[in-house]
file model.pdb (PDB, C-alpha atoms)
ATOM      1  CA  MET J  66       0.000   0.000   0.000  1.00  0.00           C
ATOM      2  CA  GLY J  67       1.302   3.430  -0.907  1.00  0.00           C
ATOM      3  CA  VAL J  68       0.224   6.319   1.304  1.00  0.00           C
ATOM      4  CA  LEU J  69       0.373  10.052   0.537  1.00  0.00           C
ATOM      5  CA  THR J  70       1.243  11.948   3.702  1.00  0.00           C
ATOM      6  CA  PRO J  71       1.316  15.670   4.634  1.00  0.00           C
ATOM      7  CA  SER J  72       4.965  16.633   5.161  1.00  0.00           C
ATOM      8  CA  SER J  73       4.413  17.981   8.684  1.00  0.00           C
ATOM      9  CA  ASN J  74       2.363  15.008   9.920  1.00  0.00           C
ATOM     10  CA  THR J  75       4.124  13.015  12.673  1.00  0.00           C
ATOM     11  CA  VAL J  76       1.143  10.820  13.618  1.00  0.00           C
ATOM     12  CA  LEU J  77       0.061   9.025  10.485  1.00  0.00           C
ATOM     13  CA  GLU J  78       3.053   6.812   9.679  1.00  0.00           C
ATOM     14  CA  PRO J  79       3.541   5.245  13.144  1.00  0.00           C
ATOM     15  CA  LEU J  80      -0.203   4.628  13.504  1.00  0.00           C
ATOM     16  CA  MET J  81      -0.593   2.968  10.120  1.00  0.00           C
ATOM     17  CA  ALA J  82       2.479   0.812  10.702  1.00  0.00           C
ATOM     18  CA  ARG J  83       0.955  -0.403  13.979  1.00  0.00           C
ATOM     19  CA  MET J  84      -2.372  -1.100  12.296  1.00  0.00           C
ATOM     20  CA  ALA J  85      -0.745  -3.058   9.482  1.00  0.00           C
ATOM     21  CA  SER J  86       1.505  -5.169  11.729  1.00  0.00           C
ATOM     22  CA  PRO J  87      -0.986  -8.087  12.113  1.00  0.00           C
ATOM     23  CA  LEU J  88      -0.932  -8.412   8.313  1.00  0.00           C
ATOM     24  CA  GLU J  89       2.851  -8.797   8.077  1.00  0.00           C
ATOM     25  CA  GLY J  90       3.638 -10.890   5.042  1.00  0.00           C
ATOM     26  CA  ARG J  91       0.429  -9.819   3.325  1.00  0.00           C
ATOM     27  CA  LEU J  92       0.587  -6.024   3.558  1.00  0.00           C
ATOM     28  CA  SER J  93       3.388  -3.483   3.778  1.00  0.00           C
ATOM     29  CA  VAL J  94       2.806   0.268   3.970  1.00  0.00           C
ATOM     30  CA  HIS J  95       5.022   2.832   2.211  1.00  0.00           C
ATOM     31  CA  PHE J  96       4.834   6.622   2.427  1.00  0.00           C
ATOM     32  CA  SER J  97       5.461   9.609   0.201  1.00  0.00           C
ATOM     33  CA  ARG J  98       5.235  13.197   1.462  1.00  0.00           C
ATOM     34  CA  PHE J  99       4.342  16.506  -0.133  1.00  0.00           C
ATOM     35  CA  ARG J 100       4.542  19.901   1.560  1.00  0.00           C
ATOM     36  CA  VAL J 101       1.725  20.807   3.963  1.00  0.00           C
ATOM     37  CA  VAL J 102       2.445  23.096   6.920  1.00  0.00           C
ATOM     38  CA  ARG J 103      -0.700  25.165   7.596  1.00  0.00           C
ATOM     39  CA  ILE J 104      -4.435  24.565   7.377  1.00  0.00           C
ATOM     40  CA  ALA J 105      -6.037  27.918   6.608  1.00  0.00           C
ATOM     41  CA  GLU J 106      -7.925  29.733   3.879  1.00  0.00           C
ATOM     42  CA  ASP J 107      -4.733  31.358   2.575  1.00  0.00           C
ATOM     43  CA  ALA J 108      -2.888  28.016   2.390  1.00  0.00           C
ATOM     44  CA  ARG J 109      -5.172  26.089   0.075  1.00  0.00           C
ATOM     45  CA  GLY J 110      -2.595  25.872  -2.714  1.00  0.00           C
ATOM     46  CA  GLN J 111      -0.806  23.122  -0.773  1.00  0.00           C
ATOM     47  CA  PHE J 112      -3.344  20.628  -2.096  1.00  0.00           C
ATOM     48  CA  GLU J 113      -2.986  21.268  -5.813  1.00  0.00           C
ATOM     49  CA  LEU J 114      -3.069  18.164  -7.990  1.00  0.00           C
ATOM     50  CA  THR J 115       0.470  18.449  -9.405  1.00  0.00           C
ATOM     51  CA  PRO J 116       2.531  18.005  -6.183  1.00  0.00           C
ATOM     52  CA  MET J 117       0.175  15.311  -4.914  1.00  0.00           C
ATOM     53  CA  LEU J 118       0.420  13.395  -8.175  1.00  0.00           C
ATOM     54  CA  GLU J 119       4.206  13.673  -8.178  1.00  0.00           C
ATOM     55  CA  ALA J 120       4.343  12.251  -4.652  1.00  0.00           C
ATOM     56  CA  ALA J 121       2.083   9.430  -5.800  1.00  0.00           C
ATOM     57  CA  ARG J 122       4.347   8.799  -8.793  1.00  0.00           C
ATOM     58  CA  LEU J 123       7.286   8.173  -6.427  1.00  0.00           C
ATOM     59  CA  LEU J 124       5.259   5.444  -4.718  1.00  0.00           C
ATOM     60  CA  THR J 125       4.838   3.591  -7.990  1.00  0.00           C
ATOM     61  CA  ASP J 126       8.635   3.161  -8.083  1.00  0.00           C
ATOM     62  CA  ALA J 127       8.057   0.751  -5.177  1.00  0.00           C
ATOM     63  CA  LYS J 128       5.488  -1.188  -7.258  1.00  0.00           C
ATOM     64  CA  VAL J 129       2.675  -0.522  -4.794  1.00  0.00           C
ATOM     65  CA  ASP J 130      -0.686  -2.160  -5.521  1.00  0.00           C
ATOM     66  CA  GLY J 131      -2.767   0.866  -4.545  1.00  0.00           C
ATOM     67  CA  ILE J 132      -2.457   4.403  -3.187  1.00  0.00           C
ATOM     68  CA  LEU J 133      -4.270   6.078  -0.297  1.00  0.00           C
ATOM     69  CA  TRP J 134      -4.313   9.845   0.210  1.00  0.00           C
ATOM     70  CA  SER J 135      -4.400   9.764   3.998  1.00  0.00           C
ATOM     71  CA  GLY J 136      -5.445  13.356   4.458  1.00  0.00           C
ATOM     72  CA  THR J 137      -8.710  15.208   4.853  1.00  0.00           C
ATOM     73  CA  SER J 138      -8.314  18.256   2.604  1.00  0.00           C
ATOM     74  CA  ALA J 139     -11.269  17.390   0.367  1.00  0.00           C
ATOM     75  CA  ALA J 140     -13.570  17.804   3.354  1.00  0.00           C
ATOM     76  CA  TRP J 141     -13.014  21.567   3.079  1.00  0.00           C
ATOM     77  CA  GLU J 142     -11.588  21.923  -0.434  1.00  0.00           C
ATOM     78  CA  GLY J 143     -14.475  19.997  -1.988  1.00  0.00           C
ATOM     79  CA  LEU J 144     -15.024  16.307  -2.647  1.00  0.00           C
ATOM     80  CA  ASP J 145     -14.344  16.862  -6.337  1.00  0.00           C
ATOM     81  CA  LYS J 146     -10.685  17.449  -5.415  1.00  0.00           C
ATOM     82  CA  ASP J 147     -10.327  13.898  -4.108  1.00  0.00           C
ATOM     83  CA  GLN J 148     -12.256  12.491  -7.049  1.00  0.00           C
ATOM     84  CA  ALA J 149      -9.893  14.289  -9.442  1.00  0.00           C
ATOM     85  CA  LEU J 150      -6.839  12.984  -7.560  1.00  0.00           C
ATOM     86  CA  VAL J 151      -8.104   9.407  -7.599  1.00  0.00           C
ATOM     87  CA  GLU J 152      -8.903   9.621 -11.303  1.00  0.00           C
ATOM     88  CA  ALA J 153      -5.482  11.103 -12.121  1.00  0.00           C
ATOM     89  CA  ILE J 154      -3.607   8.432 -10.147  1.00  0.00           C
ATOM     90  CA  GLU J 155      -5.573   5.643 -11.764  1.00  0.00           C
ATOM     91  CA  ARG J 156      -5.302   7.135 -15.272  1.00  0.00           C
ATOM     92  CA  GLU J 157      -1.665   8.264 -15.237  1.00  0.00           C
ATOM     93  CA  LEU J 158      -0.053   5.809 -12.818  1.00  0.00           C
ATOM     94  CA  GLY J 159      -2.165   2.722 -13.422  1.00  0.00           C
ATOM     95  CA  VAL J 160      -2.935   1.794  -9.808  1.00  0.00           C
ATOM     96  CA  PRO J 161      -6.204   2.033  -7.851  1.00  0.00           C
ATOM     97  CA  ALA J 162      -6.549   4.877  -5.366  1.00  0.00           C
ATOM     98  CA  THR J 163      -8.772   6.146  -2.608  1.00  0.00           C
ATOM     99  CA  THR J 164      -8.714   8.818   0.118  1.00  0.00           C
ATOM    100  CA  SER J 165      -9.572   9.144   3.780  1.00  0.00           C
ATOM    101  CA  THR J 166     -12.494  11.462   3.040  1.00  0.00           C
ATOM    102  CA  LEU J 167     -13.991   9.246   0.332  1.00  0.00           C
ATOM    103  CA  ALA J 168     -13.570   6.255   2.656  1.00  0.00           C
ATOM    104  CA  LEU J 169     -15.341   8.192   5.410  1.00  0.00           C
ATOM    105  CA  LEU J 170     -18.386   8.739   3.227  1.00  0.00           C
ATOM    106  CA  GLU J 171     -18.434   5.065   2.262  1.00  0.00           C
ATOM    107  CA  ALA J 172     -18.144   4.051   5.926  1.00  0.00           C
ATOM    108  CA  THR J 173     -21.080   6.222   6.993  1.00  0.00           C
ATOM    109  CA  LYS J 174     -23.204   4.632   4.274  1.00  0.00           C
ATOM    110  CA  GLN J 175     -22.198   1.131   5.337  1.00  0.00           C
ATOM    111  CA  LEU J 176     -22.949   1.918   8.985  1.00  0.00           C
ATOM    112  CA  GLY J 177     -26.230   3.601   8.070  1.00  0.00           C
ATOM    113  CA  VAL J 178     -25.504   6.813   9.976  1.00  0.00           C
ATOM    114  CA  GLY J 179     -26.809  10.205   8.881  1.00  0.00           C
ATOM    115  CA  SER J 180     -25.765  12.564  11.693  1.00  0.00           C
ATOM    116  CA  ALA J 181     -22.394  13.183  13.273  1.00  0.00           C
ATOM    117  CA  GLY J 182     -20.493  15.048  15.912  1.00  0.00           C
ATOM    118  CA  LEU J 183     -17.309  16.471  14.424  1.00  0.00           C
ATOM    119  CA  VAL J 184     -13.929  16.662  16.191  1.00  0.00           C
ATOM    120  CA  VAL J 185     -11.222  18.640  14.377  1.00  0.00           C
ATOM    121  CA  PRO J 186      -8.263  20.876  15.295  1.00  0.00           C
ATOM    122  CA  TYR J 187      -9.101  23.546  12.694  1.00  0.00           C
ATOM    123  CA  ILE J 188     -10.161  27.196  12.667  1.00  0.00           C
ATOM    124  CA  GLU J 189     -13.804  28.093  12.034  1.00  0.00           C
ATOM    125  CA  ALA J 190     -13.366  29.001   8.360  1.00  0.00           C
ATOM    126  CA  ILE J 191     -12.180  25.435   7.719  1.00  0.00           C
ATOM    127  CA  TRP J 192     -14.643  23.487   9.833  1.00  0.00           C
ATOM    128  CA  GLN J 193     -17.570  25.472   8.497  1.00  0.00           C
ATOM    129  CA  ARG J 194     -16.576  24.358   4.991  1.00  0.00           C
ATOM    130  CA  ILE J 195     -16.354  20.770   6.230  1.00  0.00           C
ATOM    131  CA  ILE J 196     -19.891  20.967   7.581  1.00  0.00           C
ATOM    132  CA  THR J 197     -21.148  22.344   4.259  1.00  0.00           C
ATOM    133  CA  ASN J 198     -19.423  19.673   2.176  1.00  0.00           C
ATOM    134  CA  LEU J 199     -20.514  16.804   4.415  1.00  0.00           C
ATOM    135  CA  LYS J 200     -24.085  18.095   4.275  1.00  0.00           C
ATOM    136  CA  ARG J 201     -23.941  18.054   0.478  1.00  0.00           C
ATOM    137  CA  ALA J 202     -22.833  14.434   0.750  1.00  0.00           C
ATOM    138  CA  GLY J 203     -25.848  13.592   2.935  1.00  0.00           C
ATOM    139  CA  LEU J 204     -24.244  13.746   6.384  1.00  0.00           C
ATOM    140  CA  ALA J 205     -25.525  16.263   8.930  1.00  0.00           C
ATOM    141  CA  VAL J 206     -22.999  17.587  11.469  1.00  0.00           C
ATOM    142  CA  ILE J 207     -24.910  18.529  14.625  1.00  0.00           C
ATOM    143  CA  ALA J 208     -21.988  19.460  16.926  1.00  0.00           C
ATOM    144  CA  VAL J 209     -18.363  20.539  16.545  1.00  0.00           C
ATOM    145  CA  GLU J 210     -15.401  20.551  18.930  1.00  0.00           C
ATOM    146  CA  THR J 211     -12.191  22.203  17.794  1.00  0.00           C
ATOM    147  CA  GLU J 212      -8.890  23.646  18.976  1.00  0.00           C
ATOM    148  CA  GLY J 213      -8.822  26.503  16.454  1.00  0.00           C
ATOM    149  CA  ARG J 214      -5.310  25.692  15.222  1.00  0.00           C
ATOM    150  CA  THR J 215      -3.641  26.287  11.838  1.00  0.00           C
ATOM    151  CA  ASP J 216      -0.137  24.830  12.384  1.00  0.00           C
ATOM    152  CA  ASN J 217      -0.385  21.300  10.984  1.00  0.00           C
ATOM    153  CA  ALA J 218       2.484  19.900  13.070  1.00  0.00           C
ATOM    154  CA  SER J 219       0.875  21.153  16.284  1.00  0.00           C
ATOM    155  CA  PHE J 220      -2.180  18.932  15.826  1.00  0.00           C
ATOM    156  CA  ALA J 221      -0.073  16.050  17.173  1.00  0.00           C
ATOM    157  CA  ASP J 222       0.313  17.933  20.469  1.00  0.00           C
ATOM    158  CA  ILE J 223      -3.370  17.528  21.369  1.00  0.00           C
ATOM    159  CA  ASP J 224      -3.230  14.826  24.028  1.00  0.00           C
ATOM    160  CA  ASP J 225      -5.480  11.848  24.729  1.00  0.00           C
ATOM    161  CA  PHE J 226      -7.246  13.579  27.623  1.00  0.00           C
ATOM    162  CA  ARG J 227      -8.297  16.481  25.412  1.00  0.00           C
ATOM    163  CA  LEU J 228      -9.279  14.243  22.507  1.00  0.00           C
ATOM    164  CA  LYS J 229     -11.513  12.145  24.758  1.00  0.00           C
ATOM    165  CA  GLU J 230     -13.035  15.328  26.177  1.00  0.00           C
ATOM    166  CA  MET J 231     -13.809  16.595  22.672  1.00  0.00           C
ATOM    167  CA  ILE J 232     -15.354  13.275  21.628  1.00  0.00           C
ATOM    168  CA  ARG J 233     -17.509  13.125  24.765  1.00  0.00           C
ATOM    169  CA  THR J 234     -18.677  16.715  24.279  1.00  0.00           C
ATOM    170  CA  VAL J 235     -19.991  16.212  20.738  1.00  0.00           C
ATOM    171  CA  ALA J 236     -21.492  12.852  21.744  1.00  0.00           C
ATOM    172  CA  GLN J 237     -23.703  14.652  24.285  1.00  0.00           C
ATOM    173  CA  THR J 238     -25.766  15.991  21.364  1.00  0.00           C
ATOM    174  CA  GLU J 239     -26.711  12.368  20.521  1.00  0.00           C
ATOM    175  CA  PRO J 240     -25.329  12.050  16.988  1.00  0.00           C
ATOM    176  CA  GLU J 241     -25.368   8.668  15.270  1.00  0.00           C
ATOM    177  CA  CYS J 242     -21.563   8.724  15.096  1.00  0.00           C
ATOM    178  CA  VAL J 243     -18.549  10.856  15.966  1.00  0.00           C
ATOM    179  CA  ILE J 244     -16.102  11.814  13.213  1.00  0.00           C
ATOM    180  CA  VAL J 245     -12.518  12.707  14.132  1.00  0.00           C
ATOM    181  CA  HIS J 246     -11.455  14.149  10.798  1.00  0.00           C
ATOM    182  CA  CYS J 247      -7.747  14.953  10.738  1.00  0.00           C
ATOM    183  CA  THR J 248      -4.915  12.489  10.168  1.00  0.00           C
ATOM    184  CA  GLY J 249      -2.660  14.605  12.381  1.00  0.00           C
ATOM    185  CA  LEU J 250      -4.657  13.749  15.515  1.00  0.00           C
ATOM    186  CA  ARG J 251      -3.714  10.781  17.718  1.00  0.00           C
ATOM    187  CA  ALA J 252      -7.287   9.526  18.062  1.00  0.00           C
ATOM    188  CA  ALA J 253      -7.152   6.165  16.254  1.00  0.00           C
ATOM    189  CA  GLY J 254      -5.872   4.365  19.346  1.00  0.00           C
ATOM    190  CA  LEU J 255      -8.759   5.734  21.403  1.00  0.00           C
ATOM    191  CA  VAL J 256     -11.555   4.558  19.119  1.00  0.00           C
ATOM    192  CA  ALA J 257     -12.297   1.148  20.650  1.00  0.00           C
ATOM    193  CA  GLU J 258     -12.300   2.561  24.199  1.00  0.00           C
ATOM    194  CA  MET J 259     -14.562   5.494  23.329  1.00  0.00           C
ATOM    195  CA  GLU J 260     -16.965   3.340  21.336  1.00  0.00           C
ATOM    196  CA  GLY J 261     -17.295   1.093  24.387  1.00  0.00           C
ATOM    197  CA  GLU J 262     -18.001   4.108  26.561  1.00  0.00           C
ATOM    198  CA  LEU J 263     -20.396   5.961  24.249  1.00  0.00           C
ATOM    199  CA  GLY J 264     -22.052   3.147  22.328  1.00  0.00           C
ATOM    200  CA  ILE J 265     -21.802   4.811  18.895  1.00  0.00           C
ATOM    201  CA  PRO J 266     -19.279   4.489  16.050  1.00  0.00           C
ATOM    202  CA  ILE J 267     -16.186   6.696  16.242  1.00  0.00           C
ATOM    203  CA  LEU J 268     -14.813   7.298  12.749  1.00  0.00           C
ATOM    204  CA  ASP J 269     -11.201   8.432  12.961  1.00  0.00           C
ATOM    205  CA  SER J 270      -9.672   9.522   9.657  1.00  0.00           C
ATOM    206  CA  VAL J 271      -6.479   7.433   9.980  1.00  0.00           C
ATOM    207  CA  ALA J 272      -8.461   4.280  10.799  1.00  0.00           C
ATOM    208  CA  VAL J 273     -11.083   5.028   8.151  1.00  0.00           C
ATOM    209  CA  GLY J 274      -8.373   5.540   5.552  1.00  0.00           C
ATOM    210  CA  MET J 275      -6.850   2.167   6.442  1.00  0.00           C
ATOM    211  CA  TRP J 276     -10.295   0.576   6.166  1.00  0.00           C
ATOM    212  CA  GLY J 277     -10.864   2.121   2.749  1.00  0.00           C
ATOM    213  CA  ALA J 278      -7.447   1.068   1.477  1.00  0.00           C
ATOM    214  CA  MET J 279      -7.871  -2.490   2.728  1.00  0.00           C
ATOM    215  CA  ARG J 280     -11.186  -2.730   0.919  1.00  0.00           C
ATOM    216  CA  MET J 281      -9.592  -1.332  -2.231  1.00  0.00           C
ATOM    217  CA  LEU J 282      -6.883  -4.017  -2.024  1.00  0.00           C
ATOM    218  CA  ASP J 283      -9.450  -6.710  -1.146  1.00  0.00           C
ATOM    219  CA  LEU J 284      -7.820  -7.491   2.207  1.00  0.00           C
ATOM    220  CA  GLU J 285     -10.584  -8.857   4.401  1.00  0.00           C
ATOM    221  CA  PRO J 286      -8.974  -9.910   7.721  1.00  0.00           C
ATOM    222  CA  ALA J 287     -10.050  -7.944  10.766  1.00  0.00           C
ATOM    223  CA  LEU J 288      -7.757  -5.587  12.633  1.00  0.00           C
ATOM    224  CA  PRO J 289      -9.091  -5.947  16.197  1.00  0.00           C
ATOM    225  CA  GLY J 290      -8.491  -3.225  18.739  1.00  0.00           C
ATOM    226  CA  TRP J 291      -9.064  -0.270  16.406  1.00  0.00           C
ATOM    227  CA  GLY J 292     -12.861   0.010  16.664  1.00  0.00           C
ATOM    228  CA  ARG J 293     -15.887  -1.605  15.114  1.00  0.00           C
ATOM    229  CA  LEU J 294     -15.166  -0.470  11.557  1.00  0.00           C
ATOM    230  CA  LEU J 295     -11.888  -2.401  11.480  1.00  0.00           C
ATOM    231  CA  ASP J 296     -13.227  -5.372  13.468  1.00  0.00           C
ATOM    232  CA  ALA J 297     -14.310  -6.812  10.113  1.00  0.00           C
ATOM    233  CA  VAL J 298     -13.339  -5.363   6.747  1.00  0.00           C
ATOM    234  CA  PRO J 299     -15.694  -6.560   3.991  1.00  0.00           C
ATOM    235  CA  SER J 300     -14.640  -6.694   0.387  1.00  0.00           C
ATOM    236  CA  ALA J 301     -15.509  -3.648  -1.723  1.00  0.00           C
ATOM    237  CA  VAL J 302     -16.647  -5.985  -4.519  1.00  0.00           C
TER     238      VAL J 302
END
call {"tool": "encode", "arguments": {"input": "model.pdb", "output": "structure tokens"}}
result
Amino acid sequence: MGVLTPSSNTVLEPLMARMASPLEGRLSVHFSRFRVVRIAEDARGQFELTPMLEAARLLTDAKVDGILWSGTSAAWEGLDKDQALVEAIERELGVPATTSTLALLEATKQLGVGSAGLVVPYIEAIWQRIITNLKRAGLAVIAVETEGRTDNASFADIDDFRLKEMIRTVAQTEPECVIVHCTGLRAAGLVAEMEGELGIPILDSVAVGMWGAMRMLDLEPALPGWGRLLDAVPSAV
């Protein structure tokens, strides 16, 4: 599996390596970075197709069987951005592709959930766009918890205590699921615990991206300990 990674993200690679470890011998995960340092309205050029496609091209040197964009930019940039990236990778590089945001939408459909509490580190201008785009995709966000940050590297500094607090706060509004939508947050390891506490699905973007990529590659074994979505990964076919 090839994975596109924001350059300032320190969370994604260790988490995905831990997730993939039970599949040693069947799955290896390889990363390619492109420059992302800030998440703000004046920094949207970081997610242009050309640098992302070039990073993906480097992964094909390793003969990967598929590519995941493990980032959430399409949630505020527009879902068409991820669709265009997937189409370009498949057309120009000849390997299947998916993204964390597209996998999120597929997961909500599979789980049959239509409302969500949203946990993000972003400023209001960004999370308001996320709400709008998710609504267009048929998912209503009824509560938001955020840290109001723009420095992408700093998202990793939000500790487990705060992440749990944010998840619990949005869950009080009784959504059908909680979405933690940022691959720079260390929430994937908290999913199983918080689902047990709250009784609703917790959809973390790192875990959801892994789920989507495993389905794309037709890898069906479960990855226990990472929440109900990864307890059993059905084929996408």
call {"tool": "residues_around", "arguments": {"input": "model.pdb", "residues": "Lys229 of chain J", "least_positions_apart": "3", "cutoff": "8 Å", "atoms": "only C-alpha atoms", "output": "ChimeraX atom specification"}}
result
/J:225-226,232-233,255,259
call {"tool": "write_last_selection", "arguments": {"input": "model.pdb", "atoms": "C-alpha atoms", "output": "short mmCIF file (atom, residue, chain, number, x, y, z; two decimals), keeping the file's coordinate frame"}}
result
data_model
loop_
_atom_site.label_atom_id
_atom_site.label_comp_id
_atom_site.auth_asym_id
_atom_site.auth_seq_id
_atom_site.Cartn_x
_atom_site.Cartn_y
_atom_site.Cartn_z
CA ASP J 225 -5.48 11.85 24.73
CA PHE J 226 -7.25 13.58 27.62
CA ILE J 232 -15.35 13.28 21.63
CA ARG J 233 -17.51 13.12 24.76
CA LEU J 255 -8.76 5.73 21.40
CA MET J 259 -14.56 5.49 23.33
#
call {"tool": "residues_around", "arguments": {"input": "model.pdb", "residues": "Val151 of chain J", "least_positions_apart": "2", "cutoff": "8 Å", "atoms": "all atoms listed in the file", "output": "list in words"}}
result
Asp147, Gln148, Ala149, Ala153, Ile154, Glu155, Pro161, Ala162, Thr163 and Thr164 of chain J
call {"tool": "residues_around", "arguments": {"input": "model.pdb", "residues": "Gly292 of chain J", "least_positions_apart": "3", "cutoff": "12 Å", "atoms": "only C-alpha atoms", "output": "list in words"}}
result
Met84, Ala252, Ala253, Gly254, Leu255, Val256, Ala257, Glu258, Met259, Glu260, Gly261, Glu262, Gly264, Ile265, Pro266, Ile267, Leu268, Asp269, Val271, Ala272, Val273, Trp276, Ala287, Leu288, Pro289, Leu295, Asp296, Ala297 and Val298 of chain J
call {"tool": "atom_distance", "arguments": {"input": "model.pdb", "atom1": "atom CA of Gly249 of chain J", "atom2": "atom CA of Asp283 of chain J"}}
result
26.1 Å
call {"tool": "atom_distance", "arguments": {"input": "model.pdb", "atom1": "atom CA of Met281 of chain J", "atom2": "atom CA of Arg201 of chain J"}}
result
24.3 Å
call {"tool": "resolve_selection", "arguments": {"input": "model.pdb", "expression": "the PyMOL selection byres ((chain J and resi 106) around 10)", "output": "list in words"}}
result
Arg103, Ile104, Ala105, Asp107, Ala108, Arg109, Gly110, Trp141, Glu142, Ile188, Ala190, Ile191 and Thr215 of chain J
call {"tool": "write_last_selection", "arguments": {"input": "model.pdb", "atoms": "C-alpha atoms", "output": "short mmCIF file (atom, residue, chain, number, x, y, z; two decimals), in the frame of the given file"}}
result
data_model
loop_
_atom_site.label_atom_id
_atom_site.label_comp_id
_atom_site.auth_asym_id
_atom_site.auth_seq_id
_atom_site.Cartn_x
_atom_site.Cartn_y
_atom_site.Cartn_z
CA ARG J 103 -0.70 25.16 7.60
CA ILE J 104 -4.43 24.56 7.38
CA ALA J 105 -6.04 27.92 6.61
CA ASP J 107 -4.73 31.36 2.58
CA ALA J 108 -2.89 28.02 2.39
CA ARG J 109 -5.17 26.09 0.08
CA GLY J 110 -2.60 25.87 -2.71
CA TRP J 141 -13.01 21.57 3.08
CA GLU J 142 -11.59 21.92 -0.43
CA ILE J 188 -10.16 27.20 12.67
CA ALA J 190 -13.37 29.00 8.36
CA ILE J 191 -12.18 25.44 7.72
CA THR J 215 -3.64 26.29 11.84
#
call {"tool": "axis_aligned_box", "arguments": {"input": "model.pdb", "around": "segment 180-198 of chain J", "padding_each_side": "3 Å", "output": "JSON"}}
result
{"center_x": -17.0, "center_y": 20.8, "center_z": 9.2, "size_x": 23.5, "size_y": 22.4, "size_z": 20.0}
call {"tool": "residues_near_point", "arguments": {"input": "model.pdb", "point": "(-0.1, 7.2, -14.9)", "cutoff": "12 Å", "atoms": "all atoms listed in the file", "output": "mmCIF file with C-alpha atoms, in the coordinates of the input"}}
result
data_model
loop_
_atom_site.group_PDB
_atom_site.id
_atom_site.type_symbol
_atom_site.label_atom_id
_atom_site.label_comp_id
_atom_site.auth_asym_id
_atom_site.auth_seq_id
_atom_site.Cartn_x
_atom_site.Cartn_y
_atom_site.Cartn_z
ATOM 1 C CA LEU J 118 0.420 13.395 -8.175
ATOM 2 C CA GLU J 119 4.206 13.673 -8.178
ATOM 3 C CA ALA J 121 2.083 9.430 -5.800
ATOM 4 C CA ARG J 122 4.347 8.799 -8.793
ATOM 5 C CA LEU J 123 7.286 8.173 -6.427
ATOM 6 C CA LEU J 124 5.259 5.444 -4.718
ATOM 7 C CA THR J 125 4.838 3.591 -7.990
ATOM 8 C CA ASP J 126 8.635 3.161 -8.083
ATOM 9 C CA LEU J 150 -6.839 12.984 -7.560
ATOM 10 C CA VAL J 151 -8.104 9.407 -7.599
ATOM 11 C CA GLU J 152 -8.903 9.621 -11.303
ATOM 12 C CA ALA J 153 -5.482 11.103 -12.121
ATOM 13 C CA ILE J 154 -3.607 8.432 -10.147
ATOM 14 C CA GLU J 155 -5.573 5.643 -11.764
ATOM 15 C CA ARG J 156 -5.302 7.135 -15.272
ATOM 16 C CA GLU J 157 -1.665 8.264 -15.237
ATOM 17 C CA LEU J 158 -0.053 5.809 -12.818
ATOM 18 C CA GLY J 159 -2.165 2.722 -13.422
ATOM 19 C CA VAL J 160 -2.935 1.794 -9.808
ATOM 20 C CA PRO J 161 -6.204 2.033 -7.851
ATOM 21 C CA ALA J 162 -6.549 4.877 -5.366
#
call {"tool": "atom_distance", "arguments": {"input": "model.pdb", "atom1": "atom CA of Met117 of chain J", "atom2": "atom CA of Glu78 of chain J"}}
result
17.1 Å
call {"tool": "residues_around", "arguments": {"input": "model.pdb", "residues": "Ser97 of chain J", "least_positions_apart": "2", "cutoff": "8 Å", "atoms": "only C-alpha atoms", "output": "list in words"}}
result
Gly67, Val68, Leu69, Thr70, His95, Phe99, Ala120, Ala121, Leu123 and Leu124 of chain J
call {"tool": "write_last_selection", "arguments": {"input": "model.pdb", "atoms": "C-alpha atoms", "output": "short mmCIF file (atom, residue, chain, number, x, y, z; two decimals), in the coordinates of the input"}}
result
data_model
loop_
_atom_site.label_atom_id
_atom_site.label_comp_id
_atom_site.auth_asym_id
_atom_site.auth_seq_id
_atom_site.Cartn_x
_atom_site.Cartn_y
_atom_site.Cartn_z
CA GLY J 67 1.30 3.43 -0.91
CA VAL J 68 0.22 6.32 1.30
CA LEU J 69 0.37 10.05 0.54
CA THR J 70 1.24 11.95 3.70
CA HIS J 95 5.02 2.83 2.21
CA PHE J 99 4.34 16.51 -0.13
CA ALA J 120 4.34 12.25 -4.65
CA ALA J 121 2.08 9.43 -5.80
CA LEU J 123 7.29 8.17 -6.43
CA LEU J 124 5.26 5.44 -4.72
#
call {"tool": "resolve_selection", "arguments": {"input": "model.pdb", "expression": "the PyMOL selection byres ((chain J and resi 192) around 10)", "output": "list in words"}}
result
Ala140, Trp141, Leu183, Val184, Val185, Pro186, Tyr187, Ile188, Glu189, Ala190, Ile191, Gln193, Arg194, Ile195, Ile196, Thr197, Asn198, Val209, Glu210, Thr211, Gly213 and His246 of chain J
call {"tool": "write_last_selection", "arguments": {"input": "model.pdb", "atoms": "C-alpha atoms", "output": "mmCIF file, in the coordinates of the input"}}
result
data_model
loop_
_atom_site.group_PDB
_atom_site.id
_atom_site.type_symbol
_atom_site.label_atom_id
_atom_site.label_comp_id
_atom_site.auth_asym_id
_atom_site.auth_seq_id
_atom_site.Cartn_x
_atom_site.Cartn_y
_atom_site.Cartn_z
ATOM 1 C CA ALA J 140 -13.570 17.804 3.354
ATOM 2 C CA TRP J 141 -13.014 21.567 3.079
ATOM 3 C CA LEU J 183 -17.309 16.471 14.424
ATOM 4 C CA VAL J 184 -13.929 16.662 16.191
ATOM 5 C CA VAL J 185 -11.222 18.640 14.377
ATOM 6 C CA PRO J 186 -8.263 20.876 15.295
ATOM 7 C CA TYR J 187 -9.101 23.546 12.694
ATOM 8 C CA ILE J 188 -10.161 27.196 12.667
ATOM 9 C CA GLU J 189 -13.804 28.093 12.034
ATOM 10 C CA ALA J 190 -13.366 29.001 8.360
ATOM 11 C CA ILE J 191 -12.180 25.435 7.719
ATOM 12 C CA GLN J 193 -17.570 25.472 8.497
ATOM 13 C CA ARG J 194 -16.576 24.358 4.991
ATOM 14 C CA ILE J 195 -16.354 20.770 6.230
ATOM 15 C CA ILE J 196 -19.891 20.967 7.581
ATOM 16 C CA THR J 197 -21.148 22.344 4.259
ATOM 17 C CA ASN J 198 -19.423 19.673 2.176
ATOM 18 C CA VAL J 209 -18.363 20.539 16.545
ATOM 19 C CA GLU J 210 -15.401 20.551 18.930
ATOM 20 C CA THR J 211 -12.191 22.203 17.794
ATOM 21 C CA GLY J 213 -8.822 26.503 16.454
ATOM 22 C CA HIS J 246 -11.455 14.149 10.798
#
